[in-house]
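Next comes protein-v2.cif, a file with mmCIF, C-alpha atoms.
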data_protein
loop_
_atom_site.group_PDB
_atom_site.id
_atom_site.type_symbol
_atom_site.label_atom_id
_atom_site.label_comp_id
_atom_site.auth_asym_id
_atom_site.auth_seq_id
_atom_site.Cartn_x
_atom_site.Cartn_y
_atom_site.Cartn_z
ATOM 1 C CA MET K 150 -6.101 -0.575 -31.305
ATOM 2 C CA ALA K 151 -5.930 -4.175 -32.512
ATOM 3 C CA LEU K 152 -5.017 -6.684 -29.856
ATOM 4 C CA HIS K 153 -1.332 -7.634 -29.985
ATOM 5 C CA SER K 154 -0.996 -11.300 -30.867
ATOM 6 C CA VAL K 155 1.358 -13.713 -29.103
ATOM 7 C CA GLY K 156 2.300 -17.079 -30.564
ATOM 8 C CA SER K 157 3.990 -18.894 -27.694
ATOM 9 C CA HIS K 158 4.638 -18.881 -23.953
ATOM 10 C CA ASP K 159 8.093 -17.427 -24.640
ATOM 11 C CA GLU K 160 6.420 -14.487 -26.423
ATOM 12 C CA VAL K 161 4.150 -14.017 -23.384
ATOM 13 C CA LEU K 162 7.203 -13.831 -21.124
ATOM 14 C CA SER K 163 8.835 -11.304 -23.485
ATOM 15 C CA PHE K 164 5.620 -9.249 -23.549
ATOM 16 C CA LEU K 165 5.448 -8.938 -19.742
ATOM 17 C CA GLN K 166 7.347 -6.056 -18.140
ATOM 18 C CA ASP K 167 8.491 -5.596 -14.568
ATOM 19 C CA LYS K 168 6.188 -3.519 -12.353
ATOM 20 C CA LYS K 169 3.482 -3.149 -15.008
ATOM 21 C CA LYS K 170 0.092 -4.814 -15.101
ATOM 22 C CA SER K 171 -0.449 -6.825 -18.278
ATOM 23 C CA TYR K 172 -3.224 -8.994 -19.670
ATOM 24 C CA ILE K 173 -3.243 -11.997 -21.998
ATOM 25 C CA LEU K 174 -6.555 -13.101 -23.529
ATOM 26 C CA LEU K 175 -6.742 -16.786 -24.364
ATOM 27 C CA TYR K 176 -9.597 -17.405 -26.787
ATOM 28 C CA LYS K 177 -10.786 -19.877 -29.415
ATOM 29 C CA GLN K 178 -11.568 -18.399 -32.802
ATOM 30 C CA GLY K 179 -15.067 -19.399 -33.931
ATOM 31 C CA SER K 180 -16.386 -19.874 -30.390
ATOM 32 C CA GLU K 181 -19.317 -17.561 -29.600
ATOM 33 C CA ALA K 182 -18.139 -16.833 -26.033
ATOM 34 C CA SER K 183 -14.582 -16.189 -27.209
ATOM 35 C CA GLU K 184 -15.700 -13.860 -30.010
ATOM 36 C CA CYS K 185 -17.890 -11.991 -27.495
ATOM 37 C CA SER K 186 -14.986 -11.609 -25.062
ATOM 38 C CA TYR K 187 -12.532 -10.583 -27.793
ATOM 39 C CA GLN K 188 -14.886 -7.903 -29.177
ATOM 40 C CA ASN K 189 -15.800 -6.492 -25.748
ATOM 41 C CA ILE K 190 -12.162 -6.343 -24.640
ATOM 42 C CA ASP K 191 -11.222 -4.691 -27.936
ATOM 43 C CA MET K 192 -13.942 -2.035 -27.389
ATOM 44 C CA ALA K 193 -12.762 -1.423 -23.807
ATOM 45 C CA VAL K 194 -9.112 -1.102 -24.851
ATOM 46 C CA ASN K 195 -9.986 1.310 -27.667
ATOM 47 C CA ALA K 196 -11.533 3.652 -25.090
ATOM 48 C CA LEU K 197 -8.319 3.726 -23.007
ATOM 49 C CA LYS K 198 -4.599 4.282 -23.437
ATOM 50 C CA ASP K 199 -1.635 2.449 -21.971
ATOM 51 C CA VAL K 200 -3.315 -0.946 -21.481
ATOM 52 C CA ARG K 201 -0.806 -3.771 -21.964
ATOM 53 C CA LEU K 202 -2.879 -6.484 -23.601
ATOM 54 C CA ALA K 203 -2.140 -9.383 -25.921
ATOM 55 C CA ALA K 204 -4.216 -12.272 -27.232
ATOM 56 C CA ALA K 205 -3.609 -15.866 -28.259
ATOM 57 C CA ASP K 206 -5.913 -18.198 -30.179
ATOM 58 C CA VAL K 207 -5.659 -21.598 -28.433
ATOM 59 C CA THR K 208 -6.348 -23.423 -31.713
ATOM 60 C CA LYS K 209 -2.972 -22.106 -32.934
ATOM 61 C CA VAL K 210 -1.000 -21.618 -29.708
ATOM 62 C CA ARG K 211 -0.895 -24.640 -27.435
ATOM 63 C CA ASP K 212 1.865 -23.923 -24.917
ATOM 64 C CA ILE K 213 0.452 -20.970 -22.901
ATOM 65 C CA HIS K 214 -2.521 -22.391 -21.002
ATOM 66 C CA ILE K 215 -0.507 -25.289 -19.564
ATOM 67 C CA HIS K 216 1.503 -22.825 -17.442
ATOM 68 C CA TYR K 217 -1.561 -21.247 -15.782
ATOM 69 C CA PRO K 218 -4.797 -22.449 -14.128
ATOM 70 C CA VAL K 219 -6.843 -22.288 -17.334
ATOM 71 C CA THR K 220 -9.428 -24.980 -18.016
ATOM 72 C CA SER K 221 -11.677 -23.097 -20.438
ATOM 73 C CA VAL K 222 -11.640 -20.182 -22.851
ATOM 74 C CA PRO K 223 -12.131 -17.321 -23.070
ATOM 75 C CA SER K 224 -9.848 -16.569 -20.132
ATOM 76 C CA LEU K 225 -8.149 -13.249 -19.451
ATOM 77 C CA LEU K 226 -4.847 -13.789 -17.609
ATOM 78 C CA VAL K 227 -3.784 -10.929 -15.345
ATOM 79 C CA PHE K 228 -0.106 -10.347 -14.552
ATOM 80 C CA GLU K 229 1.564 -8.034 -12.049
ATOM 81 C CA GLY K 230 4.893 -7.505 -13.730
ATOM 82 C CA LYS K 231 6.052 -10.989 -14.662
ATOM 83 C CA THR K 232 3.975 -12.680 -11.938
ATOM 84 C CA PHE K 233 0.626 -14.289 -12.763
ATOM 85 C CA SER K 234 -2.008 -12.885 -10.364
ATOM 86 C CA ASN K 235 -5.527 -13.725 -11.568
ATOM 87 C CA VAL K 236 -7.754 -15.117 -14.308
ATOM 88 C CA VAL K 237 -11.073 -13.656 -15.483
ATOM 89 C CA LYS K 238 -13.159 -16.330 -17.194
ATOM 90 C CA GLY K 239 -15.941 -16.095 -19.745
ATOM 91 C CA CYS K 240 -17.368 -13.185 -21.680
ATOM 92 C CA ASN K 241 -18.089 -9.982 -19.782
ATOM 93 C CA ASP K 242 -19.479 -6.753 -21.180
ATOM 94 C CA ASP K 243 -17.124 -4.011 -22.363
ATOM 95 C CA GLY K 244 -18.005 -1.882 -19.295
ATOM 96 C CA PHE K 245 -16.660 -4.622 -17.008
ATOM 97 C CA TYR K 246 -13.377 -4.820 -18.923
ATOM 98 C CA LYS K 247 -13.081 -1.024 -19.110
ATOM 99 C CA SER K 248 -13.514 -0.803 -15.317
ATOM 100 C CA LEU K 249 -10.936 -3.556 -14.821
ATOM 101 C CA PHE K 250 -8.378 -1.764 -17.026
ATOM 102 C CA GLU K 251 -9.172 1.728 -15.625
ATOM 103 C CA SER K 252 -8.719 0.488 -12.066
ATOM 104 C CA ALA K 253 -5.302 -0.919 -12.950
ATOM 105 C CA LEU K 254 -4.244 2.297 -14.729
ATOM 106 C CA PHE K 255 -5.454 4.435 -11.827
ATOM 107 C CA SER K 256 -3.612 2.269 -9.288
ATOM 108 C CA ALA K 257 -0.419 2.581 -11.325
ATOM 109 C CA ARG K 258 -0.719 6.389 -11.435
ATOM 110 C CA ARG K 259 -1.518 6.531 -7.708
ATOM 111 C CA ASP K 260 1.452 4.285 -6.908
ATOM 112 C CA GLU K 261 3.729 6.601 -8.915
ATOM 113 C CA SER K 262 2.542 9.693 -7.007
ATOM 114 C CA GLY K 263 2.735 7.944 -3.640
ATOM 115 C CA GLU K 264 -0.481 9.596 -2.435
ATOM 116 C CA PRO K 265 -3.443 7.495 -1.324
ATOM 117 C CA GLN K 266 -6.793 8.432 -2.842
ATOM 118 C CA LYS K 267 -9.454 9.938 -0.596
ATOM 119 C CA ARG K 268 -12.515 7.833 0.200
ATOM 120 C CA VAL K 269 -15.337 8.792 -2.208
ATOM 121 C CA THR K 270 -18.990 7.702 -2.014
ATOM 122 C CA VAL K 271 -21.611 8.890 -4.498
ATOM 123 C CA TYR K 272 -25.298 8.770 -3.556
ATOM 124 C CA SER K 273 -27.359 8.609 -6.728
ATOM 125 C CA THR K 274 -30.391 7.228 -8.560
ATOM 126 C CA PRO K 275 -30.445 5.621 -12.022
ATOM 127 C CA SER K 276 -32.737 8.283 -13.516
ATOM 128 C CA CYS K 277 -30.679 11.271 -12.295
ATOM 129 C CA SER K 278 -28.783 12.875 -15.202
ATOM 130 C CA TRP K 279 -26.512 14.936 -12.893
ATOM 131 C CA CYS K 280 -25.630 11.729 -11.032
ATOM 132 C CA ASN K 281 -24.458 10.162 -14.290
ATOM 133 C CA THR K 282 -22.535 13.336 -15.197
ATOM 134 C CA LEU K 283 -20.782 13.259 -11.803
ATOM 135 C CA LYS K 284 -19.864 9.565 -12.072
ATOM 136 C CA THR K 285 -18.575 10.057 -15.631
ATOM 137 C CA HIS K 286 -16.419 12.965 -14.409
ATOM 138 C CA LEU K 287 -14.940 10.838 -11.599
ATOM 139 C CA LYS K 288 -14.257 7.885 -13.922
ATOM 140 C CA LYS K 289 -12.676 10.127 -16.566
ATOM 141 C CA ASN K 290 -10.283 11.447 -13.933
ATOM 142 C CA GLY K 291 -9.402 7.995 -12.549
ATOM 143 C CA ILE K 292 -11.186 8.458 -9.221
ATOM 144 C CA ARG K 293 -12.408 5.244 -7.629
ATOM 145 C CA PHE K 294 -15.721 5.592 -5.819
ATOM 146 C CA THR K 295 -18.536 3.623 -4.247
ATOM 147 C CA ASP K 296 -21.908 4.242 -5.887
ATOM 148 C CA ILE K 297 -24.981 3.872 -3.666
ATOM 149 C CA ASP K 298 -28.376 3.811 -5.392
ATOM 150 C CA VAL K 299 -30.607 5.484 -2.784
ATOM 151 C CA SER K 300 -33.743 4.514 -4.729
ATOM 152 C CA ARG K 301 -33.007 0.886 -3.760
ATOM 153 C CA ASP K 302 -31.385 1.367 -0.347
ATOM 154 C CA GLN K 303 -33.750 3.135 2.086
ATOM 155 C CA LYS K 304 -31.298 3.007 5.016
ATOM 156 C CA ALA K 305 -28.554 4.627 2.913
ATOM 157 C CA ALA K 306 -31.040 7.304 1.777
ATOM 158 C CA GLU K 307 -31.972 8.069 5.393
ATOM 159 C CA ALA K 308 -28.302 8.217 6.417
ATOM 160 C CA MET K 309 -27.558 10.589 3.506
ATOM 161 C CA VAL K 310 -30.383 12.947 4.576
ATOM 162 C CA ARG K 311 -29.205 12.854 8.212
ATOM 163 C CA ARG K 312 -25.689 13.837 7.178
ATOM 164 C CA SER K 313 -26.503 16.577 4.663
ATOM 165 C CA GLY K 314 -30.029 17.675 5.568
ATOM 166 C CA GLN K 315 -30.893 17.299 1.860
ATOM 167 C CA GLN K 316 -32.844 14.682 -0.084
ATOM 168 C CA GLY K 317 -31.679 15.584 -3.599
ATOM 169 C CA VAL K 318 -29.062 13.646 -5.511
ATOM 170 C CA PRO K 319 -26.285 13.481 -6.438
ATOM 171 C CA GLN K 320 -24.499 13.818 -3.151
ATOM 172 C CA THR K 321 -20.844 13.005 -2.729
ATOM 173 C CA ASP K 322 -19.028 12.079 0.466
ATOM 174 C CA ILE K 323 -15.306 12.840 0.140
ATOM 175 C CA ASN K 324 -13.490 11.723 3.297
ATOM 176 C CA GLY K 325 -16.530 12.679 5.395
ATOM 177 C CA GLU K 326 -17.303 15.998 3.694
ATOM 178 C CA MET K 327 -20.728 16.024 1.997
ATOM 179 C CA ILE K 328 -21.219 17.860 -1.297
ATOM 180 C CA VAL K 329 -24.794 18.286 -2.519
ATOM 181 C CA GLY K 330 -25.246 18.397 -6.301
ATOM 182 C CA PHE K 331 -22.524 18.330 -8.928
ATOM 183 C CA ASP K 332 -20.288 21.095 -7.578
ATOM 184 C CA LYS K 333 -17.464 20.395 -10.023
ATOM 185 C CA ALA K 334 -15.081 23.080 -8.703
ATOM 186 C CA ARG K 335 -15.381 21.897 -5.097
ATOM 187 C CA ILE K 336 -15.082 18.212 -6.047
ATOM 188 C CA ASN K 337 -12.009 18.933 -8.190
ATOM 189 C CA THR K 338 -10.407 20.905 -5.333
ATOM 190 C CA LEU K 339 -11.026 18.174 -2.740
ATOM 191 C CA LEU K 340 -9.787 15.401 -5.047
ATOM 192 C CA GLY K 341 -6.861 17.298 -6.586
ATOM 193 C CA ILE K 342 -8.275 17.074 -10.110
ATOM 194 C CA GLN K 343 -6.553 19.585 -12.413
#
Would you put the structure from the file into structure tokens?
Amino acid sequence: MALHSVGSHDEVLSFLQDKKKSYILLYKQGSEASECSYQNIDMAVNALKDVRLAAADVTKVRDIHIHYPVTSVPSLLVFEGKTFSNVVKGCNDDGFYKSLFESALFSARRDESGEPQKRVTVYSTPSCSWCNTLKTHLKKNGIRFTDIDVSRDQKAAEAMVRRSGQQGVPQTDINGEMIVGFDKARINTLLGIQ
């Protein structure tokens, strides 16, 4: 998906929709940081659907940044409906942008269903392939979770063993219920994943 281009502040206002999260990237063509941000956002958006995102090159469009607290580019403006809510400055990696967009999409789906998500904590290590499989499964299904690297946090590792009686990872705490290993069926049942 190519980023939708906006050419004025009026076009930004037309692009924004009530009750939907939208993003406007302000960048400067030819700037290394801006090109980095543009490419990484484009990669993140291509991996997702339903992200409302537009871009404006500040060398061509000069009436957008004056309405928002923007002093440098690249800057990603975040809107809740038609209300400006935040700005993300600089170039971040595509994983950062993907997480930002996924979180917004998940929140929108959760808000539509009216059900709060259960609290999910994953205990893992970087070298554990099943840990990565579990986290990918949760992300793919829009489940927010806290990831604790027990190879770096001894106290968390000890607490995990006290709760489950097991040292192996991954372990998942879903609203206080510990699941050892990647028990996909049980995780899906507890989290309502179809």
Item to complete: Write out as a ChimeraX atom specification the residues lying within 7 Å of Ser154 in chain K, counting all atoms listed in the file and excluding same-chain residues fewer than 4 positions away.
Response: /K:203-205
Env of Phe164 in chain K: 9 Å cut, atoms = all atoms listed in the file, seq-sep filter 2 positions within chain, self excluded. Answer as a JSON list (two decimals) with C-alpha atoms, in the coordinates of the input.
[["chain", "number", "residue", "atom", "x", "y", "z"],
["K", 155, "VAL", "CA", 1.36, -13.71, -29.10],
["K", 159, "ASP", "CA", 8.09, -17.43, -24.64],
["K", 160, "GLU", "CA", 6.42, -14.49, -26.42],
["K", 161, "VAL", "CA", 4.15, -14.02, -23.38],
["K", 162, "LEU", "CA", 7.20, -13.83, -21.12],
["K", 166, "GLN", "CA", 7.35, -6.06, -18.14],
["K", 171, "SER", "CA", -0.45, -6.82, -18.28],
["K", 201, "ARG", "CA", -0.81, -3.77, -21.96],
["K", 202, "LEU", "CA", -2.88, -6.48, -23.60],
["K", 203, "ALA", "CA", -2.14, -9.38, -25.92]]
Worksheet, complete the sentence: Nearest to Tyr272 in chain K, restricted to only C-alpha atoms and choosing among K:Gly325, K:Gly244, K:Gly341, K:Gly317, comes out as K:Gly317
Worksheet item: Quick one, how far is CA of Ser234 in chain K from CA of His214 in chain K?
Response: 14.3 Å
Each side padded by 6 Å, which centre and which edge lengths in Å (one decimal) define the axis-aligned box around the listed atoms of range 229-246 of chain K? Give them as lines of an AutoDock Vina configuration file.
center_x = -6.7
center_y = -9.1
center_z = -16.4
size_x = 37.5
size_y = 26.4
size_z = 24.0
Response to the item:
Computed gap from CA of Ser183 in chain K to CA of Ser221 in chain K is 10.1 Å
Worksheet item: What is the distance, in Å and to one decimal place, between CA of Val200 in chain K and CA of Trp279 in chain K?
Response: 29.4 Å
Worksheet item: Excluding same-chain residues fewer than 2 positions from Thr232 in chain K, what lies within 12 Å of it counting only C-alpha atoms, as a PyMOL selection string?
Response: chain K and resi 161-162+165-172+216-217+226-230+234-235
Worksheet, complete the sentence: Nearest to Val194 in chain K, restricted to only C-alpha atoms and choosing among K:Lys267, K:Lys238, K:Lys247, K:Arg312, comes out as K:Lys247
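Proximity to Val207 in chain K at 9 Å, evaluated using all atoms listed in the file and with sequence-adjacent residues fewer than 4 positions away removed, yields Leu175, Tyr176, Lys177, Gln178, Arg211, Asp212, Ile213, His214 and Val222 of chain K.
Considering the residues K:Leu283, K:Val329, K:Ile342, K:Ser163 and counting all atoms listed in the file, Gln315 in chain K has its shortest atom-to-atom contact with K:Val329.
Restricting the calculation to only C-alpha atoms, the smallest distance between Val269 in chain K and any of K:Asp242, K:Asp296, K:Asp322, K:Glu251 is found for K:Asp322.
Distance annotation: of K:Gly156, K:Val299, K:Lys288, K:Gln266, the residue with the minimal separation from Gln320 in chain K is K:Val299; atom set is all atoms listed in the file.
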Using the partial input, fill out range 206-235 of chain K with N, CA and C atoms; write the result as a JSON list (two decimals), keeping the file's coordinate frame.
[["chain", "number", "residue", "atom", "x", "y", "z"],
["K", 206, "ASP", "N", -4.88, -17.25, -29.77],
["K", 206, "ASP", "CA", -5.91, -18.20, -30.18],
["K", 206, "ASP", "C", -5.41, -19.60, -29.83],
["K", 207, "VAL", "N", -6.14, -20.30, -28.92],
["K", 207, "VAL", "CA", -5.66, -21.60, -28.43],
["K", 207, "VAL", "C", -5.73, -22.69, -29.50],
["K", 208, "THR", "N", -6.38, -22.43, -30.63],
["K", 208, "THR", "CA", -6.35, -23.42, -31.71],
["K", 208, "THR", "C", -5.01, -23.38, -32.44],
["K", 209, "LYS", "N", -4.28, -22.26, -32.28],
["K", 209, "LYS", "CA", -2.97, -22.11, -32.93],
["K", 209, "LYS", "C", -1.81, -22.14, -31.94],
["K", 210, "VAL", "N", -2.05, -21.69, -30.72],
["K", 210, "VAL", "CA", -1.00, -21.62, -29.71],
["K", 210, "VAL", "C", -1.36, -22.58, -28.58],
["K", 211, "ARG", "N", -0.53, -23.58, -28.38],
["K", 211, "ARG", "CA", -0.90, -24.64, -27.44],
["K", 211, "ARG", "C", 0.01, -24.73, -26.20],
["K", 212, "ASP", "N", 0.94, -23.79, -26.05],
["K", 212, "ASP", "CA", 1.86, -23.92, -24.92],
["K", 212, "ASP", "C", 1.70, -22.84, -23.84],
["K", 213, "ILE", "N", 0.64, -22.03, -23.91],
["K", 213, "ILE", "CA", 0.45, -20.97, -22.90],
["K", 213, "ILE", "C", -0.40, -21.47, -21.74],
["K", 214, "HIS", "N", -1.57, -22.02, -22.05],
["K", 214, "HIS", "CA", -2.52, -22.39, -21.00],
["K", 214, "HIS", "C", -1.98, -23.44, -20.02],
["K", 215, "ILE", "N", -1.03, -24.24, -20.45],
["K", 215, "ILE", "CA", -0.51, -25.29, -19.56],
["K", 215, "ILE", "C", 0.30, -24.72, -18.40],
["K", 216, "HIS", "N", 0.71, -23.45, -18.50],
["K", 216, "HIS", "CA", 1.50, -22.82, -17.44],
["K", 216, "HIS", "C", 0.64, -22.11, -16.40],
["K", 217, "TYR", "N", -0.67, -22.01, -16.65],
["K", 217, "TYR", "CA", -1.56, -21.25, -15.78],
["K", 217, "TYR", "C", -2.83, -22.05, -15.51],
["K", 218, "PRO", "N", -3.59, -21.68, -14.47],
["K", 218, "PRO", "CA", -4.80, -22.45, -14.13],
["K", 218, "PRO", "C", -5.97, -22.15, -15.07],
["K", 219, "VAL", "N", -5.82, -22.55, -16.32],
["K", 219, "VAL", "CA", -6.84, -22.29, -17.33],
["K", 219, "VAL", "C", -7.44, -23.62, -17.77],
["K", 220, "THR", "N", -8.75, -23.75, -17.60],
["K", 220, "THR", "CA", -9.43, -24.98, -18.02],
["K", 220, "THR", "C", -10.44, -24.72, -19.11],
["K", 221, "SER", "N", -10.72, -23.44, -19.39],
["K", 221, "SER", "CA", -11.68, -23.10, -20.44],
["K", 221, "SER", "C", -11.32, -21.73, -21.03],
["K", 222, "VAL", "N", -11.83, -21.49, -22.22],
["K", 222, "VAL", "CA", -11.64, -20.18, -22.85],
["K", 222, "VAL", "C", -13.01, -19.64, -23.20],
["K", 223, "PRO", "N", -13.17, -18.34, -23.22],
["K", 223, "PRO", "CA", -12.13, -17.32, -23.07],
["K", 223, "PRO", "C", -11.70, -17.16, -21.61],
["K", 224, "SER", "N", -10.42, -16.88, -21.44],
["K", 224, "SER", "CA", -9.85, -16.57, -20.13],
["K", 224, "SER", "C", -8.88, -15.41, -20.29],
["K", 225, "LEU", "N", -9.04, -14.41, -19.44],
["K", 225, "LEU", "CA", -8.15, -13.25, -19.45],
["K", 225, "LEU", "C", -7.17, -13.41, -18.30],
["K", 226, "LEU", "N", -5.89, -13.62, -18.63],
["K", 226, "LEU", "CA", -4.85, -13.79, -17.61],
["K", 226, "LEU", "C", -4.36, -12.41, -17.19],
["K", 227, "VAL", "N", -4.22, -12.21, -15.89],
["K", 227, "VAL", "CA", -3.78, -10.93, -15.34],
["K", 227, "VAL", "C", -2.41, -11.13, -14.71],
["K", 228, "PHE", "N", -1.47, -10.26, -15.07],
["K", 228, "PHE", "CA", -0.11, -10.35, -14.55],
["K", 228, "PHE", "C", 0.28, -9.04, -13.86],
["K", 229, "GLU", "N", 0.94, -9.17, -12.73],
["K", 229, "GLU", "CA", 1.56, -8.03, -12.05],
["K", 229, "GLU", "C", 3.04, -8.15, -12.35],
["K", 230, "GLY", "N", 3.52, -7.33, -13.26],
["K", 230, "GLY", "CA", 4.89, -7.50, -13.73],
["K", 230, "GLY", "C", 4.97, -8.84, -14.44],
["K", 231, "LYS", "N", 5.90, -9.68, -14.03],
["K", 231, "LYS", "CA", 6.05, -10.99, -14.66],
["K", 231, "LYS", "C", 5.35, -12.09, -13.87],
["K", 232, "THR", "N", 4.63, -11.71, -12.81],
["K", 232, "THR", "CA", 3.98, -12.68, -11.94],
["K", 232, "THR", "C", 2.49, -12.80, -12.28],
["K", 233, "PHE", "N", 2.04, -14.04, -12.52],
["K", 233, "PHE", "CA", 0.63, -14.29, -12.76],
["K", 233, "PHE", "C", -0.15, -13.99, -11.48],
["K", 234, "SER", "N", -1.27, -13.22, -11.58],
["K", 234, "SER", "CA", -2.01, -12.88, -10.36],
["K", 234, "SER", "C", -3.48, -13.29, -10.38],
["K", 235, "ASN", "N", -4.10, -13.43, -11.56],
["K", 235, "ASN", "CA", -5.53, -13.72, -11.57],
["K", 235, "ASN", "C", -5.96, -14.18, -12.96]]
